[in-house]
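Chemist: So that we are looking at the same thing, I have put the structure below in structure tokens.
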Amino acid sequence: MTDRPLALVVGANRGIGLGVVKEFLARGCDVIATARAPHAATALQALATAHPGRVEVRALEMSDSAGIDGFAAEMAGRTLDFVLVNAGVAGPAHRSANAATIEETGALMFVNAIAPIRLGRALLNAIRKDKGVLGFTSSVMGSVALNAGGHELYRASKAALNSLSRGLFAEMRGRNLTLLTLHPGWVRTDMGGSGAPVSVDESAEGMVNVLLNATGSRRHAFVDYQGKEIAW
Ligand SMILES: NC(=O)c1ccc[n+]([C@@H]2O[C@H](COP(=O)([O-])OP(=O)(O)OC[C@H]3O[C@@H](n4cnc5c(N)ncnc54)[C@H](OP(=O)(O)O)[C@@H]3O)[C@@H](O)[C@H]2O)c1
């Protein structure tokens with residue numbers, strides 16, 4: 001890789017993450033993109049072929065604590081300008097706290113809230129001091145203030161991510177980093193469904209704009225893909 005800015009996108013083989021990788025490349029950044037199964041991540045492999053030396057595809061399974069710590073250790077010595085921890089799941093189809101098992105709750109909370117913070121914390125020393133931006137893909141559904149009911153398990157997992165991200169920011173002050181907790185819009189992906197109003201390209205362009213523009217702001221904000229603040 002080169003002296004171009006370096007972005008890390010976690011959960012990048014499809015949906016919003018893949019769109020964000022394409023957008024970072026279009027903006028002149030090199031990208032480290034993670035997938036659970038890199039060899040099966042054909043869209044990412046095609047991007048790596050089309051942009052020689054600019055895309056590194058790495059394996060990362062967010063339900064594997066040791067794998068998260070090992071990946072972060074591999075990033076020591078790299079200087080990451082932008083990090084977007086984007087991987088996430090919708091949770092069980094019944095969506096109900098009353099129906100949820102301990103196993104379902106654990107898997108959802110771990111992947112959507114605990115693992116992103118564990119990874120973000122482990123990467124802090126690899127993020128460019130003073131200018132680096134760490135982002136977590138959350139959701140407006142994680143807003144307690146705007147909660148109108150429904151999807152209660154998924155909402156709780158993103159609310160937990162929001163709370164944990166604020167706690168992480170408190171630990172980060174010495175490094176002058178910026179932390180964004182991001183809502184990508186309601187996006188036409190496997191998770192968002194075909195009726196969602198926002199395309200992957202629109203969301204990704206907005207998400208990357210927001211990440212690039214946040215450089216040096218050294219604050220923690222909950223914002224959407226258009227840069228609009230969301231009530232916590
Ligand atoms: N789409 C929306 O309308 C919307 C709205 C608000 C927030 N979000 C959030 O945006 C993010 C991306 O959503 P999306 O719509 O692009 O969803 P998606 O199309 O379902 O893609 C989810 C991504 O997360 C990865 N992932 C899931 N579980 C993982 C695990 N255990 N370890 C590593 N990677 C894992 C998936 O990898 P695999 O291909 O291997 O499964 C995939 O790359 C999520 O955090 C989601 O909660 C989406």
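All residue names refer to the structure tokens as shown: chains lettered A, B, ... in order, residues numbered from 1 in each chain, ligands numbered from 1 in order.
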Which protein, DNA or RNA residues have an atom within 8 Å of ligand 1, counting only C-alpha atoms and all ligand atoms, as number ranges by chain?
Modeler: A: 10-18, 34-37, 60-64, 85-90, 111-112, 136-141, 158, 183-193, 196, 198, 200
Chemist: Okay, now the selection with C-alpha atoms, as an mmCIF file, in the first residue's frame?
Modeler:
```cif
data_model
loop_
_atom_site.group_PDB
_atom_site.id
_atom_site.type_symbol
_atom_site.label_atom_id
_atom_site.label_comp_id
_atom_site.auth_asym_id
_atom_site.auth_seq_id
_atom_site.Cartn_x
_atom_site.Cartn_y
_atom_site.Cartn_z
ATOM 1 C CA VAL A 10 -15.360 -4.434 8.592
ATOM 2 C CA GLY A 11 -18.208 -6.483 7.106
ATOM 3 C CA ALA A 12 -17.488 -5.422 3.546
ATOM 4 C CA ASN A 13 -18.439 -8.314 1.251
ATOM 5 C CA ARG A 14 -22.010 -7.166 0.508
ATOM 6 C CA GLY A 15 -24.588 -4.476 1.248
ATOM 7 C CA ILE A 16 -23.573 -1.137 2.718
ATOM 8 C CA GLY A 17 -20.030 -2.270 3.581
ATOM 9 C CA LEU A 18 -19.269 -3.195 -0.025
ATOM 10 C CA THR A 34 -12.912 -7.744 5.870
ATOM 11 C CA ALA A 35 -15.221 -10.653 5.110
ATOM 12 C CA ARG A 36 -16.004 -13.804 7.042
ATOM 13 C CA ALA A 37 -14.959 -15.897 4.031
ATOM 14 C CA LEU A 60 -12.742 -11.508 10.240
ATOM 15 C CA GLU A 61 -15.603 -13.260 12.035
ATOM 16 C CA MET A 62 -17.174 -10.901 14.567
ATOM 17 C CA SER A 63 -18.562 -13.664 16.770
ATOM 18 C CA ASP A 64 -15.026 -14.930 17.452
ATOM 19 C CA VAL A 85 -17.043 -1.257 11.867
ATOM 20 C CA ASN A 86 -20.115 -2.065 9.809
ATOM 21 C CA ALA A 87 -20.893 -5.774 10.257
ATOM 22 C CA GLY A 88 -24.271 -6.374 11.829
ATOM 23 C CA VAL A 89 -27.227 -8.747 11.984
ATOM 24 C CA ALA A 90 -30.996 -8.285 12.254
ATOM 25 C CA VAL A 111 -22.155 -9.207 17.023
ATOM 26 C CA ASN A 112 -23.974 -5.852 17.003
ATOM 27 C CA PHE A 136 -19.637 2.275 13.993
ATOM 28 C CA THR A 137 -22.609 1.497 11.771
ATOM 29 C CA SER A 138 -25.492 1.816 14.191
ATOM 30 C CA SER A 139 -29.091 2.659 13.276
ATOM 31 C CA VAL A 140 -31.689 5.282 14.060
ATOM 32 C CA MET A 141 -33.425 2.275 15.626
ATOM 33 C CA LYS A 158 -27.953 -0.799 18.496
ATOM 34 C CA HIS A 183 -27.139 5.665 10.732
ATOM 35 C CA PRO A 184 -26.755 4.647 7.072
ATOM 36 C CA GLY A 185 -30.371 5.372 6.157
ATOM 37 C CA TRP A 186 -32.957 2.693 5.431
ATOM 38 C CA VAL A 187 -31.086 0.994 2.638
ATOM 39 C CA ARG A 188 -31.981 -1.558 -0.060
ATOM 40 C CA THR A 189 -29.822 -4.481 1.088
ATOM 41 C CA ASP A 190 -30.500 -8.039 2.228
ATOM 42 C CA MET A 191 -31.194 -6.573 5.670
ATOM 43 C CA GLY A 192 -33.084 -3.419 4.614
ATOM 44 C CA GLY A 193 -35.223 -5.174 1.986
ATOM 45 C CA ALA A 196 -36.154 0.636 1.372
ATOM 46 C CA VAL A 198 -32.145 4.606 -0.069
ATOM 47 C CA VAL A 200 -26.493 1.349 -1.395
#
```
Chemist: Give me the residues near Ala231 of chain A as a ChimeraX atom specification, where near means some atom within 12 Å (using only C-alpha atoms) and where sequence neighbours in that chain fewer than 5 positions away do not count.
Modeler: /A:139-147,159,162,181-183,221-224
Chemist: Given the choices A:Arg58, A:His220, A:His151, A:Arg175, which gets closest to Lys129 of chain A if the distance is worked out from only C-alpha atoms?
Modeler: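 When distances to Lys129 of chain A are compared using only C-alpha atoms, the smallest one comes from A:Arg175.
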Chemist: Using DSSP on the backbone coordinates, identify all residues within segment 113-179 of chain A classified as strand (DSSP E or B); present the result as a ChimeraX atom specification.
Modeler: /A:127,133-137,178-179
Chemist: Would you mind telling me which residue in A:Leu124, A:Pro197, A:Leu153, A:Gly132 lies nearest to Thr101 of chain A when using only C-alpha atoms?
Modeler: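 Smallest separation from Thr101 of chain A among the options: A:Leu153.
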Chemist: Leaving out Glu56 of chain A and any residue of its chain fewer than 4 positions from it, which residues lie within 10 Å of it when counting only C-alpha atoms, given as a PyMOL selection string?
Modeler: chain A and resi 1+8+30-34+44-45+47-48+52
Chemist: Using the selection just defined, write its residues with N, CA and C atoms as a PDB file, in the first residue's frame.
Modeler:
```
ATOM      1  N   MET A   1       0.835  -1.190   0.000  1.00  0.00           N
ATOM      2  CA  MET A   1       0.000   0.000   0.000  1.00  0.00           C
ATOM      3  C   MET A   1       0.885   1.260   0.000  1.00  0.00           C
ATOM      4  N   LEU A   8     -10.217   1.116   6.792  1.00  0.00           N
ATOM      5  CA  LEU A   8     -10.574  -0.267   7.132  1.00  0.00           C
ATOM      6  C   LEU A   8     -12.096  -0.354   7.201  1.00  0.00           C
ATOM      7  N   ASP A  30      -6.823   3.875  -0.054  1.00  0.00           N
ATOM      8  CA  ASP A  30      -6.614   2.430  -0.092  1.00  0.00           C
ATOM      9  C   ASP A  30      -7.525   1.811   0.970  1.00  0.00           C
ATOM     10  N   VAL A  31      -7.863   0.529   0.788  1.00  0.00           N
ATOM     11  CA  VAL A  31      -8.846  -0.076   1.688  1.00  0.00           C
ATOM     12  C   VAL A  31      -8.403  -1.468   2.146  1.00  0.00           C
ATOM     13  N   ILE A  32      -8.534  -1.697   3.448  1.00  0.00           N
ATOM     14  CA  ILE A  32      -8.496  -3.059   3.991  1.00  0.00           C
ATOM     15  C   ILE A  32      -9.958  -3.424   4.237  1.00  0.00           C
ATOM     16  N   ALA A  33     -10.419  -4.478   3.583  1.00  0.00           N
ATOM     17  CA  ALA A  33     -11.831  -4.857   3.650  1.00  0.00           C
ATOM     18  C   ALA A  33     -11.920  -6.239   4.264  1.00  0.00           C
ATOM     19  N   THR A  34     -12.804  -6.419   5.257  1.00  0.00           N
ATOM     20  CA  THR A  34     -12.912  -7.744   5.870  1.00  0.00           C
ATOM     21  C   THR A  34     -14.195  -8.454   5.451  1.00  0.00           C
ATOM     22  N   LEU A  44     -15.532  -8.357  -3.572  1.00  0.00           N
ATOM     23  CA  LEU A  44     -14.314  -7.730  -3.036  1.00  0.00           C
ATOM     24  C   LEU A  44     -13.079  -8.164  -3.810  1.00  0.00           C
ATOM     25  N   GLN A  45     -13.034  -9.457  -4.162  1.00  0.00           N
ATOM     26  CA  GLN A  45     -11.881  -9.949  -4.928  1.00  0.00           C
ATOM     27  C   GLN A  45     -11.817  -9.254  -6.287  1.00  0.00           C
ATOM     28  N   LEU A  47     -12.859  -6.227  -6.901  1.00  0.00           N
ATOM     29  CA  LEU A  47     -12.362  -4.860  -6.656  1.00  0.00           C
ATOM     30  C   LEU A  47     -10.841  -4.864  -6.481  1.00  0.00           C
ATOM     31  N   ALA A  48     -10.341  -5.898  -5.782  1.00  0.00           N
ATOM     32  CA  ALA A  48      -8.892  -5.999  -5.571  1.00  0.00           C
ATOM     33  C   ALA A  48      -8.172  -6.167  -6.911  1.00  0.00           C
ATOM     34  N   PRO A  52      -5.223  -2.732  -8.482  1.00  0.00           N
ATOM     35  CA  PRO A  52      -4.046  -3.457  -7.984  1.00  0.00           C
ATOM     36  C   PRO A  52      -3.324  -2.704  -6.858  1.00  0.00           C
TER      37      PRO A  52
END
```
Chemist: Mind pulling up the distance from atom CA of Gly149 of chain A to atom CA of Leu84 of chain A?
Modeler: 27.6 Å
Chemist: Check the smallest atom-to-atom distance from each of A:Val83, A:Leu123, A:Leu164, A:Ala107 to Asp69 of chain A using only C-alpha atoms, then report the winner.
Modeler: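 Using only C-alpha atoms, the shortest distance to Asp69 of chain A belongs to A:Leu123.
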Chemist: Do you know which residues are at most 12 Å from Thr178 of chain A counting only C-alpha atoms, after dropping those on the same chain fewer than 4 positions away, and could you put them as an MDAnalysis selection string?
Modeler: chainID A and resid 81:84 124 127:136 165:166 168:174 210:222
Chemist: Quick one: DSSP alpha helix (DSSP H) residues in segment 54-133 of chain A, as a PyMOL selection string?
Modeler: chain A and resi 65-75+102-109+115-123
